[in-house]
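First up is the structure itself, then whatever we jot down about it.
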Number of protein chains: 2
Amino acid sequence: MDALHVKWFEELLGVENVYADKAHLLAYSYDATRTTYEPDLVLFPRHEADVQAILRYCNTHRIIITPRGAGSGFTGGALPSNGGIILALEKHMNKILEIDMENMVAVVEPGVINMDLQRAVEAKGLFYPPDPASEEYSTLGGNVAENAGGMRAAKYGITKDYVMALRAVLPNGEAIGAGKRTIKDVAGYNVAGILIASEGTLGIITQITLKLIAKPKLKQTAMGIFPSVKDAMNAVYKTMAAGVTPVAMEFLDNLTIRAVEQKYAKGLPVDAGAILITDVDGNLDEEITTQLVTIEAMFLANGCTSFKRANTAEEAKELWFARRNASPSITVYGSKKLNEDITVPRSKLPELLDVINAIAQKYEVKVPCFGHTGDGNVHTNVMVDGTNPEELEKGHKAIKEIFQATVDLGGTLSGEHGIGLSKAPYMTMAFTEGEMELFRSIKRAFDPNNILNPFKMGL
Amino acid sequence: MDALHVKWFEELLGVENVYADKAHLLAYSYDATRTTYEPDLVLFPRHEADVQAILRYCNTHRIIITPRGAGSGFTGGALPSNGGIILALEKHMNKILEIDMENMVAVVEPGVINMDLQRAVEAKGLFYPPDPASEEYSTLGGNVAENAGGMRAAKYGITKDYVMALRAVLPNGEAIGAGKRTIKDVAGYNVAGILIASEGTLGIITQITLKLIAKPKLKQTAMGIFPSVKDAMNAVYKTMAAGVTPVAMEFLDNLTIRAVEQKYAKGLPVDAGAILITDVDGNLDEEITTQLVTIEAMFLANGCTSFKRANTAEEAKELWFARRNASPSITVYGSKKLNEDITVPRSKLPELLDVINAIAQKYEVKVPCFGHTGDGNVHTNVMVDGTNPEELEKGHKAIKEIFQATVDLGGTLSGEHGIGLSKAPYMTMAFTEGEMELFRSIKRAFDPNNILNPFKMGL
């Protein structure tokens, strides 16, 4: 990067908020995809006015900017794949500005870590439900930019269901507000709605107003063991169609169960086709009981061979152990995990799992699956030997076929990870040329010079 | 309109689907604002392909199109204020295409009447909560285009919270899909999100996929009488901050109570400052009871002088009578109703009502208020003699000051009616020039030739 630019940024932010040395650039070159792209510069804005000045300058000088929270994304959204500046929001812009008890709303800066907000509001009896697996380190700005989901989505929805208002800086340096601290607001276009899930390509989010709800007082966990994954998938959607909305309805397939057992020797049922683990919540004992009675009945009617309720928090933790440790365990099947978060309408889960199984056999790869079946979101992991190019190639072919099957079943390429770089090549599988052109028009409307995280999302 | 154009449309749609005669044009010249603009032509598309052909033709020939459902909007969204074509979607495109019990989703055409969907899904034990006051005649396409709210919003949210996916035709004739039949979908920009509340300015909605939920089995109604509107407003937000989320929490102020009593002589408390009427729901008796116990306690702690629970459906209907008849009753105060749907954060309601009262006194106009206090949405009615220009002028000045106060309190010009024509002059009060310019850029991205409902929303 031109030394004059660097000097300008140092004068704006102070030298301590500008990193240009090799070691620091490396530290901001990665995300959870394990792909790396080195930025030319890392900047730490202190407040919205800094973001405005930086964007205005970059827009004039056509310098590319990629915003970044914790860098925990799975699809490369925060990677500076075209060089330029990393705008790192986690260092200074990380304050919970307000917890408004009267309106049950939190106002935060983008760098606040999800779990820090959850803890702060739970201390006041309130609840912020979106719980991506990265909740302990991912930032709310990143959660909004990717529209993060999590385990509680089937009952409580995802990030977008909690965003009431945003402040953002557009590429031209203009700071805008979108939305209000009200449930109802229909004045002007829903700009907050389109900024959510825009993966840092339309504007830099500088403030987030989030809806909070009352924290349910009670929660109980149960587990069911099924002879086949198809039985489990049938049990899931039939339970929910029966009117029960569990907080979480998670599954592990046989490969995942075996992997966890191999690693932790917990006495898991290694011959089971699938395990379902579910949480229900409410404020009354009877609410919990009636939900669990229905779940047990629907599970048993759909092939469940063993149903167990946790009677203590300790037992609940034990039932959750396999699910919590699924992701790190499946590496027993290969050094490289091609991990996708496809999602289909719940009733299509049995069919999807059949197709995945057929594709795995065709390419002779192992594809352990687990995830959020309550909302149709299956974490599909094609495991390969990362050092074997032929196997990698087979893995990628398998992924492509799995995406096609997902789209054919009315599903989506991504339930919660976003498109970023990793899924960009598959966008035309899911969208028509007219839809892609509309995305490009929207991008141009916000960012005519294409300085903000360009070429992501297949644009 | 050029006879050649008319002939082209007649060939496309059949003469029976093209109205060009005076009587029919008049019939499509109004909406609930009682302002009229005569279109040059009314077209009745039969399906998405018709909509595509019409838009492609109009885009080429720069013919203006305004989409229309039931024409029940309060802000002129469906008025052809710049002439051109009314695209009437209620005649043919009015089918419930699917009620998918397994995924709890309904797929409808835009001309389906809200209540027809509610009845169809309730017959299957499911529930579509958004209930604008126009639910018996307004269409779901219009509900989506305006992001309609209703009484149940405080607990169940508004139209946008139920839209999972849309199909729409862009001004260039391209048909696009946006969203999936899944809770989670983060592939591509949230185009469905920006089409919602876009008031027919960005695209023509041709298909809507709506989330359904399980219908709660029980419901109970209660009413509280308060000495002042301020006490009632305090009771509202403190009840909700105590963790109770009633389905509805509606209020009437003294002027509204008197108006209903004058018209119907129901023995209402004409000296009361305000009445609150609330519904709670759930699946268990105890859920209902615990909610009502909290509500009663919070009401009594905030000045409530009389609290009454309905023990039968008949009693509930009686408690709801005054609220249901509020809107037609207040005409006792003036022939012309300047009716606004301002919304503030719930905790600002006491202050807002104080300000409205002061403005009413300043301009010597009566401003009866009622509405959805559970979500901060107050229907504010400045009543004037429509034949008296001086009084009309005072009324409009009062409205302008009420809008300013609303914005100053962190509220919005419109909670559920939209901007359309009527509120367009006030947009710059609520939005900065940078925000307005962004709206215009978005409009251009979708509709570069400005053929779709142009100049609405202050654009």
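How things are named: the first chain in the structure tokens is A, the next is B, and so on; residues count from 1 in each chain; ligands count from 1 in the order shown.
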
Please, which residues of stretch 295-454 of chain A, numbered as in this document, come out strand (DSSP E or B) from DSSP, as a PyMOL selection string? chain A and resi 306-309+336-340+343+366+369-372+377-384+412+452

Report the residues of stretch 4-71 of chain B whose backbone DSSP state falls under alpha helix (DSSP H), written as a compact mmCIF listing (two decimals) with N, CA, C and O atoms, in the first residue's frame.
```txt
# COMPACT_ATOMS: atom_id res chain seq x y z
N LEU B 4 -53.20 1.36 -29.63
CA LEU B 4 -52.33 0.22 -29.97
C LEU B 4 -51.91 -0.55 -28.72
O LEU B 4 -51.83 -1.78 -28.73
N HIS B 5 -51.63 0.20 -27.66
CA HIS B 5 -51.28 -0.45 -26.38
C HIS B 5 -52.47 -1.28 -25.90
O HIS B 5 -52.32 -2.44 -25.51
N VAL B 6 -53.64 -0.65 -25.92
CA VAL B 6 -54.84 -1.35 -25.41
C VAL B 6 -55.05 -2.65 -26.19
O VAL B 6 -55.31 -3.71 -25.62
N LYS B 7 -54.89 -2.56 -27.50
CA LYS B 7 -55.08 -3.74 -28.35
C LYS B 7 -54.06 -4.83 -27.99
O LYS B 7 -54.39 -6.01 -27.90
N TRP B 8 -52.83 -4.41 -27.73
CA TRP B 8 -51.79 -5.38 -27.37
C TRP B 8 -52.17 -6.12 -26.08
O TRP B 8 -52.06 -7.34 -25.99
N PHE B 9 -52.65 -5.35 -25.11
CA PHE B 9 -53.04 -5.97 -23.83
C PHE B 9 -54.26 -6.88 -24.01
O PHE B 9 -54.35 -7.95 -23.40
N GLU B 10 -55.19 -6.46 -24.86
CA GLU B 10 -56.38 -7.29 -25.10
C GLU B 10 -55.99 -8.61 -25.75
O GLU B 10 -56.55 -9.67 -25.44
N GLU B 11 -55.02 -8.55 -26.64
CA GLU B 11 -54.57 -9.79 -27.28
C GLU B 11 -53.86 -10.70 -26.28
O GLU B 11 -53.99 -11.91 -26.30
N LEU B 12 -53.12 -10.07 -25.39
CA LEU B 12 -52.41 -10.86 -24.38
C LEU B 12 -53.38 -11.51 -23.40
O LEU B 12 -53.27 -12.71 -23.11
N LEU B 13 -54.30 -10.73 -22.88
CA LEU B 13 -55.09 -11.16 -21.72
C LEU B 13 -56.53 -11.57 -22.07
O LEU B 13 -57.22 -12.16 -21.25
N LYS B 22 -64.98 4.17 -18.77
CA LYS B 22 -65.06 5.16 -17.69
C LYS B 22 -65.52 4.55 -16.35
O LYS B 22 -64.90 4.75 -15.31
N ALA B 23 -66.62 3.78 -16.38
CA ALA B 23 -67.19 3.25 -15.14
C ALA B 23 -66.18 2.36 -14.42
O ALA B 23 -65.96 2.49 -13.21
N HIS B 24 -65.53 1.50 -15.19
CA HIS B 24 -64.57 0.60 -14.55
C HIS B 24 -63.31 1.34 -14.09
O HIS B 24 -62.73 1.00 -13.07
N LEU B 25 -62.90 2.33 -14.86
CA LEU B 25 -61.71 3.08 -14.44
C LEU B 25 -61.99 3.78 -13.11
O LEU B 25 -61.15 3.79 -12.20
N LEU B 26 -63.21 4.32 -12.99
CA LEU B 26 -63.59 4.98 -11.73
C LEU B 26 -63.55 3.99 -10.57
O LEU B 26 -63.09 4.32 -9.48
N ALA B 27 -64.02 2.77 -10.83
CA ALA B 27 -64.08 1.76 -9.77
C ALA B 27 -62.69 1.39 -9.25
O ALA B 27 -62.54 0.89 -8.15
N GLU B 48 -48.34 -15.51 -13.36
CA GLU B 48 -47.05 -14.82 -13.38
C GLU B 48 -46.60 -14.48 -14.80
O GLU B 48 -46.03 -13.41 -15.03
N ALA B 49 -46.85 -15.38 -15.75
CA ALA B 49 -46.39 -15.14 -17.12
C ALA B 49 -47.06 -13.88 -17.70
O ALA B 49 -46.42 -13.11 -18.43
N ASP B 50 -48.34 -13.66 -17.36
CA ASP B 50 -49.01 -12.43 -17.79
C ASP B 50 -48.31 -11.20 -17.19
O ASP B 50 -48.09 -10.20 -17.87
N VAL B 51 -48.01 -11.30 -15.91
CA VAL B 51 -47.35 -10.17 -15.23
C VAL B 51 -46.01 -9.89 -15.91
O VAL B 51 -45.67 -8.72 -16.17
N GLN B 52 -45.30 -10.94 -16.26
CA GLN B 52 -44.01 -10.76 -16.95
C GLN B 52 -44.19 -10.04 -18.28
O GLN B 52 -43.48 -9.09 -18.58
N ALA B 53 -45.16 -10.52 -19.07
CA ALA B 53 -45.37 -9.94 -20.40
C ALA B 53 -45.78 -8.47 -20.27
O ALA B 53 -45.29 -7.61 -21.01
N ILE B 54 -46.65 -8.17 -19.31
CA ILE B 54 -47.13 -6.79 -19.12
C ILE B 54 -45.96 -5.88 -18.73
O ILE B 54 -45.78 -4.80 -19.28
N LEU B 55 -45.16 -6.33 -17.76
CA LEU B 55 -44.07 -5.46 -17.30
C LEU B 55 -43.01 -5.26 -18.39
O LEU B 55 -42.49 -4.16 -18.55
N ARG B 56 -42.73 -6.33 -19.12
CA ARG B 56 -41.74 -6.20 -20.19
C ARG B 56 -42.22 -5.17 -21.22
O ARG B 56 -41.47 -4.28 -21.62
N TYR B 57 -43.50 -5.25 -21.57
CA TYR B 57 -44.08 -4.32 -22.53
C TYR B 57 -44.06 -2.88 -21.98
O TYR B 57 -43.64 -1.94 -22.67
N CYS B 58 -44.48 -2.74 -20.76
CA CYS B 58 -44.55 -1.39 -20.16
C CYS B 58 -43.15 -0.80 -19.98
O CYS B 58 -42.96 0.41 -20.10
N ASN B 59 -42.19 -1.64 -19.69
CA ASN B 59 -40.82 -1.16 -19.52
C ASN B 59 -40.28 -0.63 -20.85
O ASN B 59 -39.64 0.42 -20.92
N THR B 60 -40.60 -1.35 -21.92
CA THR B 60 -40.18 -0.92 -23.25
C THR B 60 -40.85 0.39 -23.63
O THR B 60 -40.21 1.30 -24.17
N HIS B 61 -42.16 0.48 -23.34
CA HIS B 61 -42.92 1.65 -23.78
C HIS B 61 -43.04 2.72 -22.69
O HIS B 61 -43.79 3.68 -22.86
```

Polymer residues at most 6 Å from A:Ala165, only C-alpha atoms, same-chain spacing of 3 or more positions, as a list of chain:residue names: A:Ala178, A:Gly179, A:Lys180, A:Thr209

Taking only C-alpha atoms into account, which of A:Ile183, A:Leu319, A:Val144, A:Leu255 comes nearest chain B? A:Ile183

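The space separating atom CA of A:Tyr189 from atom CA of A:Leu212 comes to 23.6 Å.
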
So which residues touch A:Glu437 within 12 Å, counting only C-alpha atoms, skipping near sequence neighbours fewer than 2 positions away, as a list in words? Met427, Thr428, Phe431, Thr432, Glu433, Gly434, Glu435, Phe439, Arg440, Ser441, Ile442, Lys443, Arg444, Gly458 and Leu459 of chain A; Leu170, Asn172, Glu174, Ala175, Ile176, Gly188, Tyr189, Ala445 and Phe446 of chain B

State, in Å with one decimal place, the distance from atom CA of B:Lys160 to atom CA of B:Glu416.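 Atom-to-atom, atom CA of B:Lys160 to atom CA of B:Glu416, that is 11.2 Å.
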
With the cut-off set at 12 Å and counting only C-alpha atoms, tabulate each residue of stretch 37-141 of chain A with an atom at most that distance from an atom of stretch 346-352 of chain B, showing the nearest atom pair and its distance in Å to one decimal, ordered by chain and increasing number, as JSON lines.
```
{"residue": "A:Asp100", "atom": "CA", "partner": "B:Ser347", "partner_atom": "CA", "distance": 9.5}
{"residue": "A:Met101", "atom": "CA", "partner": "B:Ser347", "partner_atom": "CA", "distance": 9.5}
{"residue": "A:Glu102", "atom": "CA", "partner": "B:Ser347", "partner_atom": "CA", "distance": 5.9}
{"residue": "A:Asn103", "atom": "CA", "partner": "B:Arg346", "partner_atom": "CA", "distance": 5.9}
{"residue": "A:Met104", "atom": "CA", "partner": "B:Arg346", "partner_atom": "CA", "distance": 9.5}
{"residue": "A:Val105", "atom": "CA", "partner": "B:Arg346", "partner_atom": "CA", "distance": 10.8}
```

Selection from above, N, CA, C and O atoms, as a compact mmCIF listing (two decimals), in the first residue's frame, can you write it?
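File part.txt, as written:
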```
# COMPACT_ATOMS: atom_id res chain seq x y z
N ASP A 100 -31.95 -1.90 27.44
CA ASP A 100 -33.16 -1.13 27.74
C ASP A 100 -34.21 -2.11 28.24
O ASP A 100 -34.84 -2.82 27.47
N MET A 101 -34.36 -2.17 29.57
CA MET A 101 -35.28 -3.14 30.18
C MET A 101 -36.72 -2.82 29.84
O MET A 101 -37.55 -3.71 29.73
N GLU A 102 -37.03 -1.53 29.71
CA GLU A 102 -38.43 -1.14 29.51
C GLU A 102 -38.95 -1.59 28.16
O GLU A 102 -40.10 -2.00 28.04
N ASN A 103 -38.10 -1.49 27.16
CA ASN A 103 -38.53 -1.91 25.82
C ASN A 103 -37.96 -3.27 25.43
O ASN A 103 -38.22 -3.75 24.33
N MET A 104 -37.17 -3.87 26.33
CA MET A 104 -36.56 -5.16 26.07
C MET A 104 -35.75 -5.15 24.78
O MET A 104 -36.05 -5.88 23.82
N VAL A 105 -34.75 -4.29 24.80
CA VAL A 105 -33.92 -4.05 23.62
C VAL A 105 -32.47 -3.88 24.09
O VAL A 105 -32.22 -3.32 25.15
```

For chain A, which residue out of B:Glu390, B:Asp40, B:Glu98, B:Glu146 is the nearest one, using only C-alpha atoms?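 Under the stated criterion, the closest residue is B:Glu146.
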
Using only C-alpha atoms, which of A:Glu261, A:Glu340, A:Asp285, A:Asp185 sits nearest chain B?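 Smallest distance to chain B is found for A:Asp185.
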
At what distance in Å, to one decimal, does atom CA of A:Ile419 lie from atom CA of A:Ala259? 28.2 Å

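Among the candidate residues A:Gln118, A:Thr343, A:Ser335, A:Thr387, the one lying nearest to chain B is A:Thr343, with distances computed using only C-alpha atoms.
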
Residue among B:Arg152, B:Lys397, B:Arg181, B:Lys230 lying closest to chain A, counting only C-alpha atoms: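 Ranking B:Arg152, B:Lys397, B:Arg181, B:Lys230 by distance to chain A, first place goes to B:Arg181.
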
A:Ser422 environment, 9 Å, only C-alpha atoms, sequence neighbours closer than 6 positions dropped, as a list in words: Thr33, Phe74, Thr75, Gly76, Gly77 and Met457 of chain A

Proximity to chain A - best of B:Arg167, B:Arg119, B:Lys362, B:Lys238, only C-alpha atoms: B:Lys238

Might you pull out every residue within 9 Å of B:Lys91, with only C-alpha atoms counted and same-chain residues fewer than 6 positions away left off, and present them as number ranges by chain? B: 44-46, 69, 111
